[in-house]
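Asks: I'd like to ask you about the structure that follows.
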Amino acid sequence: MKRFLPWIVLVVMAGWIGANWMPPRVAKDDVDPSTALRAGLAKFGKLPVLVGGRAKPLDTVARNSLLIIRGKQELRLENGRTLSAIAWLTDVLFNAPVADQYPAFVVQNDQVLGLFGWEQSQRKYFSFAEFAPFLKQIEEQGDQADKLEAVQRSAYQSAILNLRNALVLYQRLKNSVQLEGSQNFAGELKTYQANVPGAANAAAQAQRGENFDRAKLNDVAELIQKYEKISEMAYILAVPSTDRSGDWHSVGDSLLHSVSTGKIHPIVLEYAQISDAYRARDLTAFNQHVDLAANWFTKEQPNASKRTSFEFLFNRLQPFSQSMAIYVLAFLLACASWLGWSRTLNRSAFYLLLLALAIHSFGLFSRMYLQERPPVTNLYSSAIFIGWGAVIVSLILERIFRDGIGAACAGAIGFVTLIIAHHLAGSGDTLEMLQAVLDTNIWLATHVVCITTGYSAMFLAGMLAIIYIVRGVFTRSLKKDTADSLARMTYGVVCFATLFSFVGTVLGGIWADQSWGRFWGWDPKENGAVLIVLWCAITLHARWGGFIRQRGLMMMAIFGNIVTSFSWFGVNMLGVGLHSYGFMQKAFPWLLGFMISQLALITIASMPLENWRSFSGATSQDRQLPGDPVAT
Amino acid sequence: MLRKIVDLFTSLKLTIVCLAAGMALIFAGTLAQVHLGIHEAQQRYFQSMLVWWPAEGRGFRIPIFPGGHLIGAVLLVNLIAAHAKRFRWSWRKLGIHLTHAGLIIMLAGGLFTDLFAVESHMRLERGDTKNYSEDQQHMELAMIDTTDGDLDQVTAIPESVLKNNRTIDHWSLPFRIVVRNFYQNTRLQMLSRTSSGARPIANQGPGAMIAVEPIPRTTAQDERDVPAAAIEILPKDSGGSLGTWLVTDALGAPQGFSCGGRTWKIAMRTARYYKPYSVTLQKFTHERYAGTDIPKNFASKVTLIDPERNVSRDVLIYMNHPLRYRGETFYQAGFQPDDRATILQVVHNPSFLAPYVACIIVAAGLLVQFGIHLVGFARKRRTAMA
């Protein structure tokens with residue numbers, strides 16, 4: 001049994017993942033309309049559109065918009081039913097009066113609620129219809145808050161600004177394909193198409209000063225006004241141009257353009273049919289026209305179509321949440337291995353970590369493929385990458401030492417970094433387009449990757465040190481050979497961190513020299529990076545000079561966690577400098593809490609060794625911490 | 001005694017103290033940027049020998065911490081001294097030697113850059129030709145002799161001279177300048193619009209109608225101070241005074257007067273660095289990603305004309321692709337909000353190669369050093385396992 005346990009654990013976990021990943025199956029003879037609708041919506045969610053400068057599936061737009069508006073990727077209705085993001089978006093696009101009733105907006109600030117005369121209660125989700133009487137007020141208050149710098153805003157001002165932005169986004173979404181409340185869209189387009197040539201002719205005559213038929217112009221004038229409104233409001237650019245320019249247009253723009261060509265873009269026509277079929281609950285027609293649109297994209301936009309299909313799959317698989325769950329389990333198994341059944345639990349943890357790493361890597365490389373970029377392009381992806389790097393190095397350590405320490409580190413860091421990434425994703429698309437200055441794959445691939453690898457190593461060294469302290473102080477499991485190998489690992493990882501942090505920092509300087517003409521500008525992020533390098537240098541020199549031994553090394557490695565977290569997050573919170581992408585007021589208490597916890601660990605570590613459980617009962621020889629345990 | 005000093009400067013403890021002090025300084029300096037702005041914090045913490053408290057005011061101040069230049073210099077001496085004293089050639093120490101040699105180059109290069117690099121801006125609207133760049137951080141008082149129609153004779157007085165001298169007497173000027181007031185940052189208002197009993201600080205030109213209100217120095221990154229001064233012109237040949245002028249670059253056009261039979265213009269403006277060549281903006285493009293405000297690319301197409309070297313060519317300057325010419329480098333730094341003008345950053349940095357060389361040497365050194373550790377560790381482990 002014990003021999004097979006690791007394999008059983010692995011197979012069970014892999015089976016669980018596989019079950020999660022299986023697409024929802026629709027039997028041919030399934031007559032349940034909600035199942036059929038779900039399948040149709042899934043196909044609809046794959047259609048490519050352009051938002052934020054990037055072609056992406058509607059599904060991504062739905063998830064990110066709902067994330068911005070509601071803070072979650074799905075919608076829970078008052079009757080307990082959950083609505084997927086794409087189902088919500090479809091209602092928003094085609095059936096606005098229904099969508100207006102969904103409790104899709106999150107408001108928790110009591111002063112914002114007070115503005116509308118509402119008291120703070122259990123309820124924190126509200127519908128658009130509830131805000132409708134207060135839109136003007138929200139707009140005014142939001143504009144006032146918008147004039148301030150992010151750092152200067154109070155909690156109320158941030159909240160009202162968020163609400164205003166959410167409402168603006170929602171209203172733009174509603175008017176992306178058709179004007180909200182439109183009924184017979186396809187019929188309307190038919191009229192439009194029929195009248196456009198005559199109207200165009202009349203307009204040309206009018207321009208030349210000839211006699212013209214005013215009635216012909218009036219036929220389309222009202223529609224044109226409508227389409228101008230869509231063109232102004234649209235959040236989604238749904239129509240790719242038929243020439244190969246790569247431009248995308250909103251439905252409104254495309255329809256206005258039709259005046260000169262006399263033709264309506266096939267995708268616009270399909271969207272009109274889809275819209276009408278959806279409102280009429282005609283699933284057959286809905287599916288048919290979604291298929292037609294999808295086929296058009298496959299033929300005319302093969303690249304966008306391939307990428308968006310893949311992105312849709314990526315959205316559905318949620319690789320990072322899956323690997324997060326496995327990391328936790330692996331961490332627990334590795335910790336348990338120090339209490340008994342060492343080899344078996346150890347191997348189980350190791351296999352699980354390989355599985356988690358494979359899924360994590362799949363996610364990371366998928367993002368690289370979708371964005372056509374090196375792995376780290378913003379704070380979110382830095383968290384993903386730091387975890388990934390640390391897990392790999394930990395697994396190498398585990399392979400060498402086989403004592404569960406590397407496995408525990410991998411599990412803990414993998415889990416924590418993915419949790420951090422999860423909370424960083426709240427601002428919408430994590431695959432956003434890059435500012436001009438970042439638009440260089442060479443530097444992103446070298447400077448940014450080196451720096452984040454340095455962060456990984458720093459956190460790993462810190463984690464190793466935490467294991468040393470916790471096991472030493474609170475358990476009897478820190479034997480001399482374990483302590484020595486922990487010290488060796490920590491020392492090696494600090495060396496690794498020094499190399500990457502230094503090279504990364506200097507490469508950043510060279511990039512700055514290339515693009516701004518100064519190697520070093522004392523920008524907060526640059527300072528954060530150099531703090532890490534300096535701390536590594538101090539640690540290593542203190543070790544080489546014999547000023548610190550095992551315990552000192554551990555304490556310094558834990559302090560490295562503080563330095564690294566300041567460099568990673570702290571400097572962004574200052575709100576100054578060229579690197580201050582994304583101000584995160586909300587993360588501040590967490591950062592502070594983390595730093596305090598690390599200081600507490602350092603304090604605990606400085607207790608006299610007699611008070612460490614691992615050393616208290618031992619003979620004096622065992623208690624003696626080796627002076628120079630690491631090869632120099 | 002000498003021995004003690006040598007021991008101190010070659011000790012590893014001093015290295016660690018310096019590194020730790022550097023960390024504390026950088027941390028404090030980074031936090032200070034929130035209130036002081038990057039430029040001011042840089043001057044006070046990093047580009048100084050000592051950090052003073054309180055920073056403002058002329059009266060009582062005490063140094064509270066070593067500044068960046070002091071720490072850097074001590075570290076440099078420590079590095080060089082330690083290696084001079086203990087240097088023994090051995091292959092095993094190759095990594096350490098390389099690393100520290102690279103660091104010496106880097107530190108020395110950094111110090112050199114701090115002392116000798118000059119940064120300035122060139123702001124060009126479409127069709128503009130300029131043969132000078134401007135230093136946004138410093139102002140100058142330009143006394144321009146415009147008597148000869150096609151050639152201006154400029155005497156520029158740096159801001160620091162205005163700040164620290166009461167009377168300025170220069171051989172090229174037929175008059176002396178007395179600085180009546182100098183304010184580092186000001187807000188100007190028409191006297192007619194102020195309600196209180198504000199009085200003008202000048203009696204000539206538009207300055208006679210303007211109230212000058214001194215305000216604290218700005219810390220915002222996208223703003224800069226508006227210094228202002230009241231200067232009195234005293235002709236050298238006669239004893240009288242021509243009057244007092246308000247000079248500040250917020251005034252726009254230069255003001256004129258005549259003295260010694262010549263026509264003069266005075267203006268407070270950003271300090272200019274003239275070049276033996278000129279740059280003309282042909283076109284500035286600013287692309288955004290479709291449907292967003294995220295900038296995709298900025299590019300300035302300019303014509304470079306250098307009569308001395310017979311150069312006349314078009315150059316495209318864009319993100320991460322600067323123009324390097326005659327020891328100066330032109331970078332695409334920014335643009336006016338409505339895309340009307342491009343802003344090029346002009347940098348003269350004689351030691352720009354130092355970090356490139358240093359980086360390669362240090363990286364190689366660290367690789368060798370840690371590689372030696374790793375190989376040693378692996379070998380030990382193999383024997384332990386066997």
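Note on naming: chains are A, B, ... as they come in the structure tokens, residues start from 1 per chain, ligands start from 1 in the order shown.
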Using only C-alpha atoms, find the residues of chain B whose closest atom to chain A is at most 6 Å away, then write them as an NGL selection string.
Replies: :B and (16 or 23 or 30 or 289-290 or 292 or 295-297 or 319-320 or 331)
Asks: Please write the residues from the selection above to a file, keeping N, CA and C atoms, as a CSV table (one decimal), in the first residue's frame.
Replies:
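Now in result-v6.csv:
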chain,number,residue,atom,x,y,z
B,16,ILE,N,30.5,46.2,5.0
B,16,ILE,CA,29.1,45.9,5.4
B,16,ILE,C,28.4,47.1,5.9
B,23,MET,N,21.7,51.0,2.1
B,23,MET,CA,20.3,50.6,2.1
B,23,MET,C,19.4,51.5,2.8
B,30,THR,N,13.9,57.0,-1.0
B,30,THR,CA,12.7,56.6,-1.8
B,30,THR,C,11.4,57.1,-1.2
B,289,TYR,N,-3.3,52.2,-29.4
B,289,TYR,CA,-4.0,51.0,-29.8
B,289,TYR,C,-5.4,51.3,-30.1
B,290,ALA,N,-6.0,50.6,-31.0
B,290,ALA,CA,-7.4,50.9,-31.4
B,290,ALA,C,-8.3,50.8,-30.3
B,292,THR,N,-8.4,52.5,-27.6
B,292,THR,CA,-7.8,52.8,-26.2
B,292,THR,C,-7.0,54.1,-26.2
B,295,PRO,N,-0.7,54.3,-25.4
B,295,PRO,CA,0.2,54.7,-26.5
B,295,PRO,C,0.9,53.5,-27.1
B,296,LYS,N,1.0,53.4,-28.4
B,296,LYS,CA,1.6,52.3,-29.0
B,296,LYS,C,3.0,52.7,-29.5
B,297,ASN,N,3.1,53.9,-29.9
B,297,ASN,CA,4.5,54.3,-30.4
B,297,ASN,C,4.5,55.8,-30.5
B,319,MET,N,10.8,55.3,-29.6
B,319,MET,CA,11.0,54.6,-28.3
B,319,MET,C,12.1,53.6,-28.4
B,320,ASN,N,13.0,53.6,-27.5
B,320,ASN,CA,14.1,52.7,-27.4
B,320,ASN,C,15.1,52.8,-28.6
B,331,TYR,N,16.7,61.4,-27.2
B,331,TYR,CA,15.7,60.3,-26.9
B,331,TYR,C,14.3,60.9,-27.1
Asks: Step one, run DSSP on the backbone; step two, keep only residues of range 106-331 of chain B assigned to helix (DSSP H, G or I); then write them as a PyMOL selection string.
Replies: chain B and resi 106-116+159-164+191-193+205-209+249-251+307-309
Asks: Using only C-alpha atoms, which residues sit within 6 Å of range 91-103 of chain A once same-chain residues fewer than 6 positions away are excluded, as a count of residues only?
Replies: 8
Asks: Which polymer residues have any atom within 8 Å of an atom of Ile96 in chain B, counting only C-alpha atoms, with same-chain residues fewer than 5 positions away left out, as a list in words?
Replies: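 Everything that qualifies: Gly365, Leu366 and Gln369 of chain B.
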Asks: Could you check which of B:Leu107, B:Leu94, B:Leu251, B:Leu304 is closest to Cys359 in chain B, using only C-alpha atoms?
Replies: B:Leu107
Asks: With only C-alpha atoms as the counted atoms, please give the residues lying no more than 12 Å from Ser241 in chain A, apart from itself and same-chain residues fewer than 2 positions off, as a list in words.
Replies: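 My reading of the contact set: Val49, Leu50, Leu237, Ala238, Val239, Asp243, Arg244, Ser245, Gly246, Asp247, Trp248, His249, Ser250, Val251, Asp253, Ser254, His257, Ile264, His265, Pro266, Ile267, Val268, Phe297, Glu300 and Gln301 of chain A.
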Asks: Selection from above, C-alpha atoms, as a CSV table (one decimal), in the first residue's frame, can you write it?
Replies:
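File written: out_10.csv
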chain,number,residue,atom,x,y,z
A,49,VAL,CA,-13.8,41.1,-30.9
A,50,LEU,CA,-11.3,43.9,-30.3
A,237,LEU,CA,-15.2,46.7,-31.7
A,238,ALA,CA,-16.9,43.7,-33.2
A,239,VAL,CA,-16.4,44.1,-36.9
A,243,ASP,CA,-9.4,44.7,-46.4
A,244,ARG,CA,-6.3,43.2,-44.8
A,245,SER,CA,-5.5,46.4,-42.8
A,246,GLY,CA,-6.2,44.7,-39.5
A,247,ASP,CA,-8.4,47.5,-38.3
A,248,TRP,CA,-11.6,46.8,-36.4
A,249,HIS,CA,-14.7,48.9,-36.2
A,250,SER,CA,-17.7,49.1,-34.0
A,251,VAL,CA,-21.1,48.0,-35.4
A,253,ASP,CA,-19.0,52.8,-37.5
A,254,SER,CA,-19.4,49.9,-39.9
A,257,HIS,CA,-19.5,53.3,-43.5
A,264,ILE,CA,-23.7,46.0,-44.9
A,265,HIS,CA,-20.8,44.0,-43.4
A,266,PRO,CA,-21.7,40.3,-43.1
A,267,ILE,CA,-20.7,40.2,-39.4
A,268,VAL,CA,-23.1,43.1,-38.6
A,297,PHE,CA,-14.1,34.4,-38.9
A,300,GLU,CA,-11.5,35.6,-43.2
A,301,GLN,CA,-9.6,36.0,-39.9
Asks: Enumerate as an MDAnalysis selection string all residues of range 159-373 of chain A assigned to strand (DSSP E or B) by DSSP on the backbone, naming them with the chain letters and numbers the document uses.
Replies: chainID A and resid 237 239:240 248:249
Asks: Measuring between only C-alpha atoms, which one of B:Glu40, B:Asp339, B:Asp150, B:Glu287 shows the shortest distance to Arg126 in chain B?
Replies: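 Between B:Glu40, B:Asp339, B:Asp150, B:Glu287, the residue approaching Arg126 in chain B most closely is B:Asp339.
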Asks: Calculated over only C-alpha atoms, which of the candidates B:Leu75, B:Arg288, B:Leu246, B:Gly109 has the smallest distance to Val17 in chain B?
Replies: B:Leu75
Asks: Quick one, how far is CA of Arg193 in chain B from CA of Ala250 in chain B?
Replies: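 For CA of Arg193 in chain B relative to CA of Ala250 in chain B, the distance reads 17.3 Å.
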Asks: Identify, on the basis of only C-alpha atoms, every residue whose closest approach to Thr244 in chain B does not exceed 10 Å; exclude the query and any residue fewer than 2 positions from it along the same chain; express the result as an mmCIF file with N, CA and C atoms, in the first residue's frame.
Replies:
data_model
loop_
_atom_site.group_PDB
_atom_site.id
_atom_site.type_symbol
_atom_site.label_atom_id
_atom_site.label_comp_id
_atom_site.auth_asym_id
_atom_site.auth_seq_id
_atom_site.Cartn_x
_atom_site.Cartn_y
_atom_site.Cartn_z
ATOM 1 N N ILE B 177 23.816 94.807 -12.567
ATOM 2 C CA ILE B 177 22.488 94.313 -12.239
ATOM 3 C C ILE B 177 22.427 94.117 -10.729
ATOM 4 N N VAL B 178 21.414 94.721 -10.115
ATOM 5 C CA VAL B 178 21.242 94.509 -8.684
ATOM 6 C C VAL B 178 19.996 93.628 -8.488
ATOM 7 N N VAL B 179 20.176 92.496 -7.819
ATOM 8 C CA VAL B 179 19.047 91.593 -7.607
ATOM 9 C C VAL B 179 18.293 92.057 -6.365
ATOM 10 N N ARG B 180 17.090 92.564 -6.577
ATOM 11 C CA ARG B 180 16.311 93.095 -5.445
ATOM 12 C C ARG B 180 15.587 91.970 -4.689
ATOM 13 N N ILE B 201 6.764 94.350 -7.240
ATOM 14 C CA ILE B 201 8.168 94.421 -6.839
ATOM 15 C C ILE B 201 8.993 95.071 -7.940
ATOM 16 N N ALA B 202 8.354 95.488 -9.033
ATOM 17 C CA ALA B 202 9.086 96.148 -10.116
ATOM 18 C C ALA B 202 8.360 97.429 -10.481
ATOM 19 N N ASN B 203 9.074 98.324 -11.171
ATOM 20 C CA ASN B 203 8.404 99.548 -11.596
ATOM 21 C C ASN B 203 8.481 99.747 -13.105
ATOM 22 N N GLN B 204 9.051 98.782 -13.830
ATOM 23 C CA GLN B 204 9.154 98.884 -15.283
ATOM 24 C C GLN B 204 8.454 97.700 -15.935
ATOM 25 N N GLY B 205 7.994 97.920 -17.175
ATOM 26 C CA GLY B 205 7.434 96.814 -17.936
ATOM 27 C C GLY B 205 6.179 96.256 -17.294
ATOM 28 N N GLY B 207 5.843 93.989 -15.258
ATOM 29 C CA GLY B 207 6.047 93.640 -13.855
ATOM 30 C C GLY B 207 5.452 94.657 -12.903
ATOM 31 N N ALA B 208 5.289 95.893 -13.368
ATOM 32 C CA ALA B 208 4.744 96.930 -12.495
ATOM 33 C C ALA B 208 3.271 96.699 -12.199
ATOM 34 N N ALA B 229 12.433 87.055 -10.175
ATOM 35 C CA ALA B 229 13.346 87.978 -9.508
ATOM 36 C C ALA B 229 12.997 89.395 -9.926
ATOM 37 N N ALA B 230 13.313 90.324 -9.046
ATOM 38 C CA ALA B 230 13.219 91.735 -9.424
ATOM 39 C C ALA B 230 14.645 92.235 -9.571
ATOM 40 N N ILE B 231 14.975 92.771 -10.747
ATOM 41 C CA ILE B 231 16.354 93.236 -10.940
ATOM 42 C C ILE B 231 16.356 94.717 -11.309
ATOM 43 N N GLU B 232 17.342 95.391 -10.763
ATOM 44 C CA GLU B 232 17.479 96.814 -11.064
ATOM 45 C C GLU B 232 18.692 97.002 -11.969
ATOM 46 N N ILE B 233 18.542 97.825 -12.980
ATOM 47 C CA ILE B 233 19.637 98.056 -13.931
ATOM 48 C C ILE B 233 20.291 99.398 -13.610
ATOM 49 N N LEU B 234 21.610 99.370 -13.333
ATOM 50 C CA LEU B 234 22.351 100.596 -13.030
ATOM 51 C C LEU B 234 23.426 100.776 -14.089
ATOM 52 N N SER B 241 19.605 105.063 -11.942
ATOM 53 C CA SER B 241 19.022 103.741 -12.131
ATOM 54 C C SER B 241 18.018 103.803 -13.265
ATOM 55 N N LEU B 242 17.980 102.749 -14.103
ATOM 56 C CA LEU B 242 17.014 102.712 -15.203
ATOM 57 C C LEU B 242 15.663 102.191 -14.736
ATOM 58 N N LEU B 246 10.651 93.033 -13.397
ATOM 59 C CA LEU B 246 10.316 91.687 -12.915
ATOM 60 C C LEU B 246 10.717 90.697 -14.006
ATOM 61 N N VAL B 247 11.540 89.720 -13.646
ATOM 62 C CA VAL B 247 11.892 88.697 -14.648
ATOM 63 C C VAL B 247 11.463 87.321 -14.177
#
Asks: For range 59-65 of chain B, work out the shell of residues within 10 Å, counting only C-alpha atoms and skipping chain neighbours fewer than 4 positions away, then give it as a PDB file with N, CA and C atoms, in the first residue's frame.
Replies:
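What landed in around-v6.pdb:
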ATOM      1  N   ALA B  21      24.459  51.195   5.306  1.00  0.00           N
ATOM      2  CA  ALA B  21      24.137  52.631   5.274  1.00  0.00           C
ATOM      3  C   ALA B  21      23.514  52.977   3.928  1.00  0.00           C
ATOM      4  N   ALA B  24      19.890  51.943   3.993  1.00  0.00           N
ATOM      5  CA  ALA B  24      19.074  52.863   4.794  1.00  0.00           C
ATOM      6  C   ALA B  24      18.851  54.153   4.017  1.00  0.00           C
ATOM      7  N   LEU B  25      19.913  54.639   3.390  1.00  0.00           N
ATOM      8  CA  LEU B  25      19.803  55.894   2.643  1.00  0.00           C
ATOM      9  C   LEU B  25      18.832  55.756   1.480  1.00  0.00           C
ATOM     10  N   TYR B  45      19.487  63.387  -1.014  1.00  0.00           N
ATOM     11  CA  TYR B  45      19.915  62.129  -0.424  1.00  0.00           C
ATOM     12  C   TYR B  45      21.069  61.480  -1.179  1.00  0.00           C
ATOM     13  N   MET B  49      27.037  64.920  -0.144  1.00  0.00           N
ATOM     14  CA  MET B  49      27.984  64.291   0.768  1.00  0.00           C
ATOM     15  C   MET B  49      27.289  63.946   2.078  1.00  0.00           C
ATOM     16  N   LEU B  50      26.385  64.822   2.505  1.00  0.00           N
ATOM     17  CA  LEU B  50      25.699  64.610   3.780  1.00  0.00           C
ATOM     18  C   LEU B  50      24.224  64.935   3.620  1.00  0.00           C
ATOM     19  N   VAL B  51      23.396  64.255   4.388  1.00  0.00           N
ATOM     20  CA  VAL B  51      21.978  64.588   4.418  1.00  0.00           C
ATOM     21  C   VAL B  51      21.753  65.483   5.620  1.00  0.00           C
ATOM     22  N   TRP B  52      21.133  66.649   5.379  1.00  0.00           N
ATOM     23  CA  TRP B  52      20.993  67.653   6.440  1.00  0.00           C
ATOM     24  C   TRP B  52      19.598  67.657   7.014  1.00  0.00           C
ATOM     25  N   TRP B  53      19.531  68.084   8.284  1.00  0.00           N
ATOM     26  CA  TRP B  53      18.236  68.283   8.918  1.00  0.00           C
ATOM     27  C   TRP B  53      18.252  69.566   9.727  1.00  0.00           C
ATOM     28  N   PRO B  54      17.297  70.440   9.631  1.00  0.00           N
ATOM     29  CA  PRO B  54      16.272  70.411   8.593  1.00  0.00           C
ATOM     30  C   PRO B  54      16.875  70.848   7.260  1.00  0.00           C
ATOM     31  N   ALA B  55      16.270  70.434   6.175  1.00  0.00           N
ATOM     32  CA  ALA B  55      16.852  70.689   4.869  1.00  0.00           C
ATOM     33  C   ALA B  55      16.715  72.148   4.474  1.00  0.00           C
ATOM     34  N   LEU B  70      29.145  60.380  -0.403  1.00  0.00           N
ATOM     35  CA  LEU B  70      30.090  59.996   0.647  1.00  0.00           C
ATOM     36  C   LEU B  70      30.151  58.468   0.769  1.00  0.00           C
ATOM     37  N   ILE B  71      28.970  57.841   0.838  1.00  0.00           N
ATOM     38  CA  ILE B  71      28.942  56.388   0.981  1.00  0.00           C
ATOM     39  C   ILE B  71      29.614  55.733  -0.216  1.00  0.00           C
TER      40      ILE B  71
END
Asks: Kindly give the distance, in Å, that separates CA of Ala206 in chain A and CA of Ile230 in chain A, rounded to a single decimal.
Replies: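 Atom-to-atom, CA of Ala206 in chain A to CA of Ile230 in chain A, that is 26.2 Å.
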Asks: Could you work out how far CA of Ala587 in chain A lies from CA of Arg153 in chain A, giving the answer in Å with one decimal?
Replies: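 Taking CA of Arg153 in chain A and CA of Ala587 in chain A, their separation equals 15.4 Å.
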Asks: Between B:Met106, B:Leu14, B:Val362, B:Met143, which residue has the minimum interatomic distance to Pro254 in chain B, considering only C-alpha atoms?
Replies: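 Of all the options, B:Met143 lies closest to Pro254 in chain B.
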Asks: Between A:Leu47, A:Asn561, A:Ala55, A:Phe615, which residue has the minimum interatomic distance to Ser597 in chain A, considering only C-alpha atoms?
Replies: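 Using only C-alpha atoms, the shortest distance to Ser597 in chain A belongs to A:Asn561.
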